[in-house]
Amino acid sequence: MERIGFEVFVAARSTSLLRTAYLLTHDRALAEDLVQTALAKAWFAWGRIEGQPEAYVRRIMVNTYSSWWRRRWNGEQPTAELPESRRDGRHRDHAEAAQVDDRTTLWGALGRLPKRQRAVVVLRYYEDFSEAETAELMGCSVGTVKSQASRALAKLRLDPTLRPISDEEPVR
């Protein structure tokens, strides 16, 4: 019976968990590893989990992500040739390319945040958790969530790679 409940949970929530893991790691393979690690840890505690198992698993994910040491450098790799932009030779529409560039720039800026600040931004603004839910998932106080969010947003506002949406000065 216990195993069936776990399997149902994994089938129902793994996509959402993977999205959160990807937002934390910015790497699909690492995100899959993070989800797998969290689910493996949750499996052993499954019979003791009371209430919402998703909150428990997300907390495992945040804690595991925060404690991982860098196993390898995941930065840019220099090459002699530039990669092709598209195999079929078509060019992206300018608006589509601008959106991709904006997302890439934002992901880069998020990636430069300290892990704890990034976790707060992901949980609060991407996953739409309340401050209290975020605090519970991260094992900290609501005040810590507020201060980390404030610091993260301040750093993002000052990030030189992020540009305002319009030509006007950014609102501060």
# chains A, B, ... in the order shown; residues from 1 in each chain; ligands from 1
$ closest_atom_pairs --of "segment 96-147 of chain A" --to "segment 10-21 of chain A" --cutoff "8 Å" --atoms "only C-alpha atoms" --output "tab-separated table"
residue	atom	partner	partner_atom	distance
A:Val122	CA	A:Thr20	CA	7.2
A:Leu123	CA	A:Thr20	CA	7.7
A:Glu127	CA	A:Thr20	CA	7.2
$ residues_around --residues "Glu136 of chain A" --least-positions-apart "5" --cutoff "12 Å" --atoms "only C-alpha atoms" --output "list in words"
Ala55, Tyr56, Val57, Arg58, Arg59, Ile60, Val62, Asn63, Val120, Leu123, Phe129, Ser130, Glu131, Ser141, Val142, Gly143, Thr144 and Val145 of chain A
$ residues_around --residues "Ala40 of chain A" --least-positions-apart "2" --cutoff "12 Å" --atoms "only C-alpha atoms" --output "PDB file with N, CA and C atoms, in the first residue's frame"
ATOM      1  N   PHE A   6       3.406   6.131  -3.009  1.00  0.00           N
ATOM      2  CA  PHE A   6       4.616   6.809  -3.468  1.00  0.00           C
ATOM      3  C   PHE A   6       4.638   6.868  -4.993  1.00  0.00           C
ATOM      4  N   GLU A   7       4.306   5.764  -5.639  1.00  0.00           N
ATOM      5  CA  GLU A   7       4.298   5.728  -7.106  1.00  0.00           C
ATOM      6  C   GLU A   7       3.275   6.697  -7.676  1.00  0.00           C
ATOM      7  N   VAL A  10       4.735  10.211  -7.311  1.00  0.00           N
ATOM      8  CA  VAL A  10       5.795  10.461  -8.302  1.00  0.00           C
ATOM      9  C   VAL A  10       5.187  10.708  -9.678  1.00  0.00           C
ATOM     10  N   ASP A  33      18.904  14.823 -11.644  1.00  0.00           N
ATOM     11  CA  ASP A  33      19.630  14.222 -10.520  1.00  0.00           C
ATOM     12  C   ASP A  33      19.063  14.699  -9.183  1.00  0.00           C
ATOM     13  N   LEU A  34      18.761  15.986  -9.112  1.00  0.00           N
ATOM     14  CA  LEU A  34      18.234  16.552  -7.875  1.00  0.00           C
ATOM     15  C   LEU A  34      16.878  15.939  -7.527  1.00  0.00           C
ATOM     16  N   VAL A  35      15.996  15.819  -8.516  1.00  0.00           N
ATOM     17  CA  VAL A  35      14.686  15.211  -8.271  1.00  0.00           C
ATOM     18  C   VAL A  35      14.858  13.751  -7.858  1.00  0.00           C
ATOM     19  N   GLN A  36      15.705  13.046  -8.565  1.00  0.00           N
ATOM     20  CA  GLN A  36      15.926  11.637  -8.258  1.00  0.00           C
ATOM     21  C   GLN A  36      16.477  11.456  -6.842  1.00  0.00           C
ATOM     22  N   THR A  37      17.415  12.290  -6.465  1.00  0.00           N
ATOM     23  CA  THR A  37      17.994  12.228  -5.125  1.00  0.00           C
ATOM     24  C   THR A  37      16.929  12.520  -4.070  1.00  0.00           C
ATOM     25  N   ALA A  38      16.138  13.558  -4.308  1.00  0.00           N
ATOM     26  CA  ALA A  38      15.091  13.919  -3.349  1.00  0.00           C
ATOM     27  C   ALA A  38      14.052  12.812  -3.219  1.00  0.00           C
ATOM     28  N   ALA A  42      13.058  10.663   0.004  1.00  0.00           N
ATOM     29  CA  ALA A  42      11.662  10.645   0.445  1.00  0.00           C
ATOM     30  C   ALA A  42      11.135   9.218   0.560  1.00  0.00           C
ATOM     31  N   TRP A  43      11.592   8.345  -0.311  1.00  0.00           N
ATOM     32  CA  TRP A  43      11.126   6.951  -0.283  1.00  0.00           C
ATOM     33  C   TRP A  43      11.381   6.316   1.075  1.00  0.00           C
ATOM     34  N   PHE A  44      12.565   6.569   1.620  1.00  0.00           N
ATOM     35  CA  PHE A  44      12.916   5.958   2.896  1.00  0.00           C
ATOM     36  C   PHE A  44      12.086   6.515   4.050  1.00  0.00           C
ATOM     37  N   ALA A  45      11.589   7.751   3.901  1.00  0.00           N
ATOM     38  CA  ALA A  45      10.801   8.379   4.970  1.00  0.00           C
ATOM     39  C   ALA A  45       9.308   8.359   4.662  1.00  0.00           C
ATOM     40  N   TRP A  46       8.911   7.738   3.561  1.00  0.00           N
ATOM     41  CA  TRP A  46       7.537   7.842   3.067  1.00  0.00           C
ATOM     42  C   TRP A  46       6.489   7.480   4.119  1.00  0.00           C
ATOM     43  N   VAL A  57       9.089  16.802   0.000  1.00  0.00           N
ATOM     44  CA  VAL A  57      10.039  16.506  -1.082  1.00  0.00           C
ATOM     45  C   VAL A  57      10.702  17.792  -1.576  1.00  0.00           C
ATOM     46  N   ILE A  60      13.390  18.709   0.774  1.00  0.00           N
ATOM     47  CA  ILE A  60      14.566  17.863   0.526  1.00  0.00           C
ATOM     48  C   ILE A  60      15.339  18.406  -0.674  1.00  0.00           C
ATOM     49  N   MET A  61      14.625  18.796  -1.723  1.00  0.00           N
ATOM     50  CA  MET A  61      15.285  19.315  -2.926  1.00  0.00           C
ATOM     51  C   MET A  61      16.076  20.579  -2.614  1.00  0.00           C
ATOM     52  N   THR A  64      19.070  19.684  -0.400  1.00  0.00           N
ATOM     53  CA  THR A  64      20.079  18.939  -1.169  1.00  0.00           C
ATOM     54  C   THR A  64      20.803  19.867  -2.135  1.00  0.00           C
TER      55      THR A  64
END
$ closest_residue --among "A:Ala132, A:Val8, A:Ala119, A:Leu156" --to "Leu23 of chain A" --atoms "only C-alpha atoms"
A:Ala119
$ atom_distance --atom1 "atom CA of Asp27 of chain A" --atom2 "atom CA of Gln117 of chain A"
17.6 Å
$ atom_distance --atom1 "atom CA of Tyr126 of chain A" --atom2 "atom CA of Gly51 of chain A"
23.1 Å
$ atom_distance --atom1 "atom CA of Thr25 of chain A" --atom2 "atom CA of Trp68 of chain A"
10.7 Å
